[in-house]
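Everything below belongs to upload.cif, which stores mmCIF, C-alpha atoms.
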data_coords
loop_
_atom_site.label_atom_id
_atom_site.label_comp_id
_atom_site.auth_asym_id
_atom_site.auth_seq_id
_atom_site.Cartn_x
_atom_site.Cartn_y
_atom_site.Cartn_z
CA MET A 30 -73.13 -20.16 8.66
CA SER A 31 -71.16 -22.96 6.99
CA SER A 32 -71.82 -26.60 7.74
CA ASP A 33 -68.93 -28.61 9.15
CA ASP A 34 -68.64 -30.44 5.81
CA GLU A 35 -68.22 -27.19 3.90
CA LEU A 36 -65.88 -25.88 6.58
CA ALA A 37 -63.77 -29.04 6.36
CA GLU A 38 -63.48 -28.65 2.59
CA ARG A 39 -62.37 -25.03 2.97
CA LEU A 40 -59.89 -26.08 5.64
CA ARG A 41 -58.49 -28.85 3.45
CA ALA A 42 -58.13 -26.32 0.63
CA GLY A 43 -55.89 -24.18 2.87
CA ASP A 44 -58.39 -21.44 3.76
CA GLU A 45 -57.00 -19.81 6.92
CA LYS A 46 -60.35 -18.18 7.67
CA ALA A 47 -61.86 -21.65 7.80
CA LEU A 48 -59.32 -22.60 10.47
CA ARG A 49 -60.42 -19.60 12.54
CA THR A 50 -64.07 -20.58 12.12
CA VAL A 51 -63.28 -24.18 13.08
CA TYR A 52 -61.50 -22.89 16.18
CA ASP A 53 -64.39 -20.59 17.08
CA ARG A 54 -66.87 -23.43 16.60
CA HIS A 55 -64.99 -26.33 18.21
CA GLY A 56 -62.21 -24.80 20.33
CA ALA A 57 -64.28 -24.93 23.52
CA ALA A 58 -64.95 -28.66 23.07
CA VAL A 59 -61.27 -29.35 22.44
CA LEU A 60 -60.29 -27.28 25.50
CA TYR A 61 -62.89 -29.08 27.63
CA LEU A 62 -61.57 -32.51 26.61
CA ALA A 63 -57.95 -31.47 27.18
CA GLN A 64 -58.76 -30.05 30.60
CA ARG A 65 -60.65 -33.22 31.59
CA LEU A 66 -57.70 -35.37 30.53
CA LEU A 67 -54.95 -33.17 31.98
CA GLY A 68 -56.67 -31.58 34.98
CA ASN A 69 -54.77 -28.36 34.38
CA ARG A 70 -56.10 -25.31 32.54
CA ALA A 71 -52.68 -24.05 31.36
CA ASP A 72 -51.68 -27.45 29.93
CA ALA A 73 -55.14 -27.80 28.38
CA GLU A 74 -54.75 -24.43 26.64
CA ASP A 75 -51.36 -25.51 25.30
CA VAL A 76 -52.81 -28.81 24.04
CA THR A 77 -55.70 -26.93 22.41
CA GLN A 78 -53.25 -24.71 20.54
CA VAL A 79 -51.11 -27.67 19.51
CA THR A 80 -54.27 -29.50 18.37
CA PHE A 81 -55.30 -26.73 16.00
CA VAL A 82 -51.74 -26.34 14.68
CA ALA A 83 -51.69 -30.10 14.02
CA ALA A 84 -55.13 -29.89 12.40
CA TRP A 85 -53.87 -27.15 10.11
CA THR A 86 -50.66 -28.94 9.16
CA GLY A 87 -52.44 -32.28 8.75
CA ARG A 88 -55.63 -30.90 7.21
CA ASP A 89 -55.28 -33.11 4.15
CA THR A 90 -55.66 -36.20 6.37
CA PHE A 91 -59.24 -35.36 7.39
CA ASP A 92 -61.66 -37.75 5.68
CA PRO A 93 -65.35 -36.92 6.23
CA ARG A 94 -66.24 -40.55 5.40
CA ARG A 95 -64.40 -41.67 8.53
CA GLY A 96 -66.04 -39.26 10.95
CA THR A 97 -67.00 -35.71 11.79
CA LEU A 98 -64.73 -32.70 11.91
CA LEU A 99 -65.26 -32.43 15.67
CA GLY A 100 -64.48 -36.11 16.13
CA TRP A 101 -61.25 -35.69 14.15
CA LEU A 102 -60.24 -32.67 16.24
CA LEU A 103 -61.03 -34.47 19.51
CA GLY A 104 -58.93 -37.43 18.36
CA ILE A 105 -55.98 -35.12 17.72
CA ALA A 106 -56.52 -33.42 21.10
CA ARG A 107 -56.65 -36.76 22.89
CA ARG A 108 -53.35 -37.88 21.32
CA LYS A 109 -51.70 -34.54 22.16
CA ALA A 110 -52.96 -34.72 25.77
CA VAL A 111 -51.64 -38.27 26.12
CA ASP A 112 -48.28 -37.08 24.75
CA ARG A 113 -48.28 -34.30 27.34
CA LEU A 114 -49.08 -36.76 30.14
CA ARG A 115 -46.34 -39.13 29.00
CA SER A 116 -43.85 -36.28 28.81
CA ALA A 117 -44.75 -35.14 32.33
CA GLU A 118 -44.45 -38.72 33.58
CA ARG A 119 -41.03 -39.04 31.95
CA GLN A 120 -39.90 -35.74 33.48
CA ASN A 121 -41.10 -36.89 36.89
CA ARG A 122 -39.21 -40.17 36.52
CA VAL A 123 -36.04 -38.34 35.52
CA ALA A 124 -36.38 -35.87 38.39
CA GLU A 125 -36.98 -38.70 40.86
CA THR A 126 -34.01 -40.65 39.49
CA VAL A 127 -31.75 -37.61 39.87
CA ARG A 128 -33.13 -36.89 43.33
CA VAL A 129 -32.45 -40.37 44.71
CA GLN A 130 -28.96 -40.70 43.26
CA PRO A 131 -26.47 -40.76 46.11
CA ALA A 132 -23.51 -38.44 45.97
CA PRO A 133 -20.25 -40.24 45.22
CA PRO A 134 -18.76 -41.51 48.50
CA GLY A 135 -16.19 -39.20 50.03
CA ASP A 136 -16.69 -36.64 47.24
CA PRO A 137 -19.59 -34.36 48.07
CA GLU A 138 -21.19 -32.79 45.06
CA SER A 139 -19.78 -29.33 44.52
CA PRO A 140 -22.09 -26.33 44.23
CA GLU A 141 -20.80 -25.83 40.68
CA ARG A 142 -21.89 -29.35 39.70
CA ILE A 143 -25.35 -28.77 41.18
CA VAL A 144 -25.62 -25.49 39.26
CA ASP A 145 -24.57 -27.28 36.05
CA ARG A 146 -27.36 -29.87 36.51
CA LEU A 147 -29.92 -27.15 37.18
CA VAL A 148 -28.80 -25.17 34.13
CA VAL A 149 -29.10 -28.23 31.88
CA ALA A 150 -32.58 -29.03 33.25
CA ASP A 151 -33.68 -25.41 32.78
CA GLU A 152 -32.32 -25.24 29.26
CA LEU A 153 -34.04 -28.49 28.30
CA GLY A 154 -37.28 -26.88 29.47
CA ARG A 155 -36.71 -23.93 27.11
CA LEU A 156 -36.36 -26.04 23.99
CA PRO A 157 -39.30 -26.45 21.63
CA ALA A 158 -41.42 -29.41 22.72
CA GLU A 159 -40.47 -31.75 19.85
CA GLN A 160 -36.72 -31.04 20.24
CA ARG A 161 -36.95 -31.60 24.00
CA ARG A 162 -38.92 -34.81 23.52
CA THR A 163 -36.46 -36.27 21.00
CA LEU A 164 -33.51 -35.41 23.29
CA GLU A 165 -35.26 -36.99 26.28
CA LEU A 166 -36.00 -40.13 24.30
CA ALA A 167 -32.42 -40.28 23.04
CA PHE A 168 -30.60 -39.59 26.29
CA PHE A 169 -32.95 -40.48 29.13
CA ASP A 170 -34.72 -43.42 27.50
CA ASP A 171 -31.63 -44.43 25.48
CA LEU A 172 -33.55 -44.90 22.22
CA THR A 173 -31.92 -44.95 18.80
CA HIS A 174 -32.94 -42.48 16.11
CA PRO A 175 -35.12 -45.04 14.28
CA GLN A 176 -36.78 -46.01 17.59
CA ILE A 177 -37.51 -42.34 18.33
CA ALA A 178 -39.01 -41.95 14.85
CA ALA A 179 -41.26 -44.96 15.52
CA VAL A 180 -42.34 -43.68 18.94
CA THR A 181 -43.03 -40.10 17.84
CA GLY A 182 -44.26 -40.74 14.32
CA LEU A 183 -41.75 -38.19 13.02
CA PRO A 184 -39.63 -38.88 9.92
CA LEU A 185 -36.13 -40.13 10.72
CA GLY A 186 -34.52 -37.03 9.21
CA THR A 187 -36.69 -34.79 11.39
CA VAL A 188 -35.67 -36.75 14.50
CA LYS A 189 -31.99 -36.32 13.61
CA SER A 190 -32.52 -32.61 12.92
CA HIS A 191 -34.37 -32.10 16.22
CA ILE A 192 -31.56 -33.80 18.15
CA ARG A 193 -28.85 -31.86 16.31
CA ARG A 194 -30.63 -28.51 16.77
CA GLY A 195 -31.52 -29.27 20.37
CA MET A 196 -27.92 -30.11 21.20
CA ALA A 197 -26.72 -26.97 19.40
CA ASN A 198 -29.22 -24.86 21.35
CA LEU A 199 -28.08 -26.40 24.62
CA ARG A 200 -24.44 -25.88 23.73
CA ARG A 201 -25.03 -22.28 22.69
CA ARG A 202 -26.99 -21.49 25.87
CA TRP A 203 -24.39 -23.26 27.97
CA GLU A 204 -21.62 -21.12 26.51
CA VAL A 205 -23.63 -17.86 26.49
CA ASP A 206 -24.70 -18.23 30.11
CA GLY A 207 -21.09 -18.78 31.11
CA ALA A 208 -21.99 -21.98 32.91
CA ALA A 209 -18.99 -23.67 31.35
CA SER A 210 -16.52 -21.26 32.93
CA GLY A 211 -17.47 -22.03 36.53
CA SER A 212 -17.33 -25.78 36.62
CA ARG A 213 -15.65 -26.97 33.46
CA SER A 214 -11.98 -27.59 33.81
CA ALA A 215 -10.45 -26.19 30.64
CA GLY A 216 -11.13 -25.79 26.98
CA PRO A 217 -14.38 -25.44 25.06
CA SER A 218 -17.40 -27.41 26.12
CA ARG A 219 -17.59 -30.70 24.25
CA ALA A 220 -19.94 -32.54 26.57
CA LEU A 221 -23.06 -31.13 24.98
#

Would you write out, as structure tokens, the structure that this file holds?
Amino acid sequence: MSSDDELAERLRAGDEKALRTVYDRHGAAVLYLAQRLLGNRADAEDVTQVTFVAAWTGRDTFDPRRGTLLGWLLGIARRKAVDRLRSAERQNRVAETVRVQPAPPGDPESPERIVDRLVVADELGRLPAEQRRTLELAFFDDLTHPQIAAVTGLPLGTVKSHIRRGMANLRRRWEVDGAASGSRSAGPSRAL
């Protein structure tokens, strides 16, 4: 059996079998931490997966002089769990804000408008996590692209790509689902 130091070296060298061994050895500890922080098994499993993907993509950042392999993994898991909690908090705030908004006076909200809002919320939920997060930061938190890059730690170009692709996905789904035909007045959808 390999020591964690040898395993870390193999991982840093790009050995996929080492990643599997690291997961087998430390996955339960990462899952335990995520579940303690999130209180939800399904979210904890998602965070565990995201943690090991991040460990793989950022494997060259592990420095054994700064700590153990397990400590590094638990640090990644903690950050990913906090991101998940913040995202859930943001979604709850948005949902609460939408819920308490009064309907315009004298103009009750049409069923088509309600359906449009539900479709947009559902489609946001289907986007990859990073695309959804950048769109939420841009439109719900009203952050600029550089601010989003600072908050997420993503490169500015990646932020712009996530927003562009996310908007394109929403637009495509909007048009494919036919949601635009029921409540949009005329012409192609330009709102998304």

Checklist line | Answer key for the PyMOL selection byres ((chain A and resi 164-176) around 10), residues as a ChimeraX atom specification | finding: /A:116,119-120,122-123,153,156,158-163,177-189,191-196

Check: Between atom CA of A:Gly96 and atom CA of A:Asp112, what is the spacing in Å?
Finding: 22.6 Å

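Around A:Val51, within 9 Å and counting all atoms listed in the file, the residues found are Asp33, Leu36, Ala37, Leu40, Lys46, Gly56, Phe81, Leu98 and Leu99 of chain A, once anything fewer than 5 positions away on its own chain is removed.
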
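Atom to atom, atom CA of A:Thr77 and atom CA of A:His55 stand 10.2 Å apart.
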
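Between atom CA of A:Arg49 and atom CA of A:Val111 lies a distance of 24.7 Å.
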
Would you compute, for all listed atoms of stretch 120-123 of chain A, the axis-aligned bounding box grown by 8 Å on each side, and then report its centre and edge lengths in Å rounded to one decimal, as lines of an AutoDock Vina configuration file?
center_x = -38.6
center_y = -38.0
center_z = 35.2
size_x = 21.1
size_y = 20.4
size_z = 19.4

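Distances to A:Asp89 were evaluated for A:Ala150, A:Ala58, A:Arg107, A:Ala42 using only C-alpha atoms, and the minimum falls at A:Ala42.
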
Note to self: Running the PyMOL selection byres ((chain A and resi 64) around 12) on this model by hand, what would come out? Give it as a list in words.
What the structure shows: Ala57, Ala58, Val59, Leu60, Tyr61, Leu62, Ala63, Arg65, Leu66, Leu67, Gly68, Asn69, Arg70, Ala71, Asp72, Ala73, Glu74, Asp75, Val76, Thr77, Ala106, Arg107, Lys109, Ala110, Val111, Arg113 and Leu114 of chain A

Item checked: Given the PyMOL selection byres ((chain A and resi 199) around 8), the residues it picks as a ChimeraX atom specification -> /A:149,152-153,195-198,200-203,221

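Nearest residue to A:Ala84 among A:Val148, A:Ala47, A:Ile105, A:Glu141 is A:Ile105, counting only C-alpha atoms.
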